[in-house]
Amino acid sequence: MRRLAAALPVAALLACLPAAAAPGADPLHWLQRAADSARTNTYAGTVVHMSGDRASTSRITHLFYGGAEHEKIEALDGDRREIVRHNEEMQCFFPDAKTVRLDRRVTARFFPSLVGGTPQAIAEHYHVKLGAVERVLGQDCQWIHLDPRDALRFAQRLCAEIGSGLLMRAKTLGARQQVLEHFTFTELRLGPQVSRSELKSTFHAQSKDWRRDNQAAGDTRQAATGWQVANPPPGFRLVSEMQRTLPSRAQPVSHLVFSDGLATMSVFIESMSSPVRTGEATNEDGALSVFVRPMGENMVTVLGEVPPAAAQQVGRSVTRQPAAR
């Protein structure tokens, strides 16, 4: 009887231990779930983004129905702005300027939609493994560790909700394992808790009398630019190429987007009537690197969530495409 009595507290403790809720131990399967869930699940929540010494807060509402994505993103800090998206088509509301800008999504990278490539392609350039299971907002969340195989990309830590696979947290780590960038949901609702009515723009009714800028919607389309990056870092491939009209630019700007499935780099080439700088310049801000290089009568600017060496390698290898024979 004494042995039985002593065993009862132990049995009670064992009954309270968390069960192994993860659906599998394959980290590539987890990456695929994270990619699919961000696109095809219905969710709404508040996201805090920290980069360097800055923090910003936004509210995201995402529904998938009729085979299409529908999304609304509201900035909760700084200038008021809102994006309402149907697949790639976006309406951008700027109430302070009383302007609605029609645009097209250039890249799909916005938390929790961070995994853009196939898991197999990502694994060619990152060591992928599973970490611990952590409790986040009352839900079990599986950490996925991605460590780069070279010095031309950052380590990533992704935390996927076990039931849906949706990312709830994400971190970008520097060379000393310091956090350069951090995304986290501070409030999240999934599935039937989210209604279609939440997608409607806050500013839709009052925007009827606002100025409408439709130029970007027509300009932001795939088109050959005549430029190429001759030596991108291994694994980074061209995913988008276009001529764009940007604010404060008198002439169209060539825009090339490269991605390794996680990190992205944008390359802008614009003609300059008079050189504004004579030398190269590199800046870092959290996980973002910016590299600027004059090239004859043109200026090359590279922006990306990569180490400076990767941005420099891309910017220094921008050339004209050889003429077709």
# chains A, B, ... in the order shown; residues from 1 in each chain; ligands from 1

call {"tool": "select_by_dssp", "arguments": {"residues": "stretch 129-314 of chain A", "states": "strand (DSSP E)", "output": "PyMOL selection string"}}
result
chain A and resi 129-136+139-148+155-161+167-173+179-190+211-213+227-229+237-244+253-259+264-271+281-285+288-295+298-304

call {"tool": "residues_around", "arguments": {"residues": "stretch 75-81 of chain A", "least_positions_apart": "2", "cutoff": "8 Å", "atoms": "only C-alpha atoms", "output": "count of residues only"}}
result
11

call {"tool": "closest_residue", "arguments": {"among": "A:Ala34, A:Leu114, A:Val302, A:Leu199", "to": "A:His86", "atoms": "only C-alpha atoms"}}
result
A:Leu199

call {"tool": "closest_atom_pairs", "arguments": {"of": "stretch 209-288 of chain A", "to": "stretch 146-158 of chain A", "cutoff": "12 Å", "atoms": "only C-alpha atoms", "output": "Markdown table"}}
result
| residue | atom | partner | partner_atom | distance |
| --- | --- | --- | --- | --- |
| A:Pro232 | CA | A:Leu152 | CA | 10.2 |
| A:Pro233 | CA | A:Leu152 | CA | 6.9 |
| A:Pro234 | CA | A:Leu152 | CA | 8.6 |
| A:Gly235 | CA | A:Leu152 | CA | 10.1 |
| A:Phe236 | CA | A:Arg153 | CA | 10.1 |
| A:Ser259 | CA | A:Arg153 | CA | 10.8 |
| A:Asp260 | CA | A:Arg153 | CA | 9.2 |
| A:Gly261 | CA | A:Arg153 | CA | 11.4 |
| A:Leu262 | CA | A:Gln156 | CA | 8.7 |
| A:Ala263 | CA | A:Arg153 | CA | 7.5 |
| A:Thr264 | CA | A:Arg153 | CA | 9.9 |
| A:Met265 | CA | A:Arg153 | CA | 10.9 |
| A:Gly286 | CA | A:Phe154 | CA | 11.3 |
| A:Ala287 | CA | A:Phe154 | CA | 8.1 |
| A:Leu288 | CA | A:Phe154 | CA | 10.6 |

call {"tool": "write_last_selection", "arguments": {"atoms": "N, CA and C atoms", "output": "mmCIF file, in the first residue's frame"}}
result
data_model
loop_
_atom_site.group_PDB
_atom_site.id
_atom_site.type_symbol
_atom_site.label_atom_id
_atom_site.label_comp_id
_atom_site.auth_asym_id
_atom_site.auth_seq_id
_atom_site.Cartn_x
_atom_site.Cartn_y
_atom_site.Cartn_z
ATOM 1 N N PRO A 232 24.996 36.277 -58.879
ATOM 2 C CA PRO A 232 24.218 36.274 -57.630
ATOM 3 C C PRO A 232 24.772 35.227 -56.670
ATOM 4 N N PRO A 233 24.562 35.373 -55.368
ATOM 5 C CA PRO A 233 24.979 34.331 -54.425
ATOM 6 C C PRO A 233 24.296 33.008 -54.759
ATOM 7 N N PRO A 234 24.939 31.894 -54.488
ATOM 8 C CA PRO A 234 24.337 30.590 -54.781
ATOM 9 C C PRO A 234 22.952 30.469 -54.158
ATOM 10 N N GLY A 235 22.001 29.968 -54.945
ATOM 11 C CA GLY A 235 20.654 29.766 -54.445
ATOM 12 C C GLY A 235 19.717 30.923 -54.681
ATOM 13 N N PHE A 236 20.238 32.109 -54.928
ATOM 14 C CA PHE A 236 19.377 33.258 -55.215
ATOM 15 C C PHE A 236 19.057 33.272 -56.703
ATOM 16 N N SER A 259 15.528 35.819 -54.829
ATOM 17 C CA SER A 259 15.171 35.156 -53.581
ATOM 18 C C SER A 259 15.818 33.780 -53.518
ATOM 19 N N ASP A 260 16.141 33.351 -52.293
ATOM 20 C CA ASP A 260 16.607 31.972 -52.084
ATOM 21 C C ASP A 260 15.519 31.129 -51.439
ATOM 22 N N GLY A 261 14.281 31.639 -51.429
ATOM 23 C CA GLY A 261 13.165 30.949 -50.812
ATOM 24 C C GLY A 261 12.834 31.467 -49.435
ATOM 25 N N LEU A 262 13.784 32.177 -48.810
ATOM 26 C CA LEU A 262 13.561 32.820 -47.513
ATOM 27 C C LEU A 262 13.891 34.309 -47.585
ATOM 28 N N ALA A 263 15.131 34.611 -47.905
ATOM 29 C CA ALA A 263 15.566 36.004 -48.004
ATOM 30 C C ALA A 263 15.322 36.529 -49.413
ATOM 31 N N THR A 264 15.108 37.836 -49.528
ATOM 32 C CA THR A 264 14.935 38.469 -50.831
ATOM 33 C C THR A 264 15.877 39.650 -50.960
ATOM 34 N N MET A 265 16.209 39.962 -52.202
ATOM 35 C CA MET A 265 16.981 41.153 -52.536
ATOM 36 C C MET A 265 16.320 41.854 -53.709
ATOM 37 N N GLY A 286 19.355 46.628 -38.869
ATOM 38 C CA GLY A 286 18.763 45.351 -38.479
ATOM 39 C C GLY A 286 19.201 44.272 -39.452
ATOM 40 N N ALA A 287 18.235 43.566 -40.044
ATOM 41 C CA ALA A 287 18.564 42.522 -41.020
ATOM 42 C C ALA A 287 18.676 43.064 -42.436
ATOM 43 N N LEU A 288 18.401 44.369 -42.631
ATOM 44 C CA LEU A 288 18.403 44.948 -43.972
ATOM 45 C C LEU A 288 19.765 45.534 -44.315
#

call {"tool": "residues_around", "arguments": {"residues": "A:Ile269", "least_positions_apart": "5", "cutoff": "7 Å", "atoms": "only C-alpha atoms", "output": "list in words"}}
result
Val253, Ser254, His255, Asn298, Met299, Val300 and Thr301 of chain A

call {"tool": "write_last_selection", "arguments": {"atoms": "C-alpha atoms", "output": "PDB file, in the first residue's frame"}}
result
ATOM      1  CA  VAL A 253      13.238  52.422 -62.648  1.00  0.00           C
ATOM      2  CA  SER A 254      14.329  48.871 -63.505  1.00  0.00           C
ATOM      3  CA  HIS A 255      13.535  46.493 -60.657  1.00  0.00           C
ATOM      4  CA  ASN A 298      23.203  54.811 -63.861  1.00  0.00           C
ATOM      5  CA  MET A 299      22.839  54.217 -60.163  1.00  0.00           C
ATOM      6  CA  VAL A 300      22.478  50.684 -58.754  1.00  0.00           C
ATOM      7  CA  THR A 301      20.778  50.183 -55.380  1.00  0.00           C
TER       8      THR A 301
END

call {"tool": "closest_residue", "arguments": {"among": "A:Glu82, A:Leu102, A:Ala44, A:Ile144", "to": "A:Lys129", "atoms": "only C-alpha atoms"}}
result
A:Ile144

call {"tool": "residues_around", "arguments": {"residues": "stretch 184-193 of chain A", "least_positions_apart": "4", "cutoff": "9 Å", "atoms": "only C-alpha atoms", "output": "VMD selection string"}}
result
chain A and resid 41 to 50 63 111 to 112 136 to 137 164 167 to 171

call {"tool": "select_by_dssp", "arguments": {"residues": "stretch 161-316 of chain A", "states": "alpha helix (DSSP H)", "output": "ChimeraX atom specification"}}
result
/A:215-219,308-316

call {"tool": "write_last_selection", "arguments": {"atoms": "C-alpha atoms", "output": "mmCIF file, in the first residue's frame"}}
result
data_model
loop_
_atom_site.group_PDB
_atom_site.id
_atom_site.type_symbol
_atom_site.label_atom_id
_atom_site.label_comp_id
_atom_site.auth_asym_id
_atom_site.auth_seq_id
_atom_site.Cartn_x
_atom_site.Cartn_y
_atom_site.Cartn_z
ATOM 1 C CA GLN A 215 -0.213 54.219 -62.611
ATOM 2 C CA ALA A 216 1.593 51.675 -60.443
ATOM 3 C CA ALA A 217 -0.967 48.957 -61.196
ATOM 4 C CA GLY A 218 -0.177 49.194 -64.892
ATOM 5 C CA ASP A 219 3.560 49.631 -64.445
ATOM 6 C CA PRO A 308 26.316 43.260 -46.590
ATOM 7 C CA ALA A 309 28.650 40.939 -48.526
ATOM 8 C CA ALA A 310 25.690 39.432 -50.410
ATOM 9 C CA ALA A 311 24.260 42.847 -51.334
ATOM 10 C CA GLN A 312 27.690 43.980 -52.497
ATOM 11 C CA GLN A 313 28.212 40.850 -54.606
ATOM 12 C CA VAL A 314 24.896 41.432 -56.357
ATOM 13 C CA GLY A 315 25.361 45.163 -56.871
ATOM 14 C CA ARG A 316 28.871 44.821 -58.272
#

call {"tool": "closest_residue", "arguments": {"among": "A:Ser37, A:Thr107, A:Asn283, A:Gln142", "to": "A:Leu238", "atoms": "only C-alpha atoms"}}
result
A:Thr107

call {"tool": "closest_residue", "arguments": {"among": "A:Met295, A:Ala97, A:Leu166, A:Ala175", "to": "A:Ser113", "atoms": "only C-alpha atoms"}}
result
A:Leu166
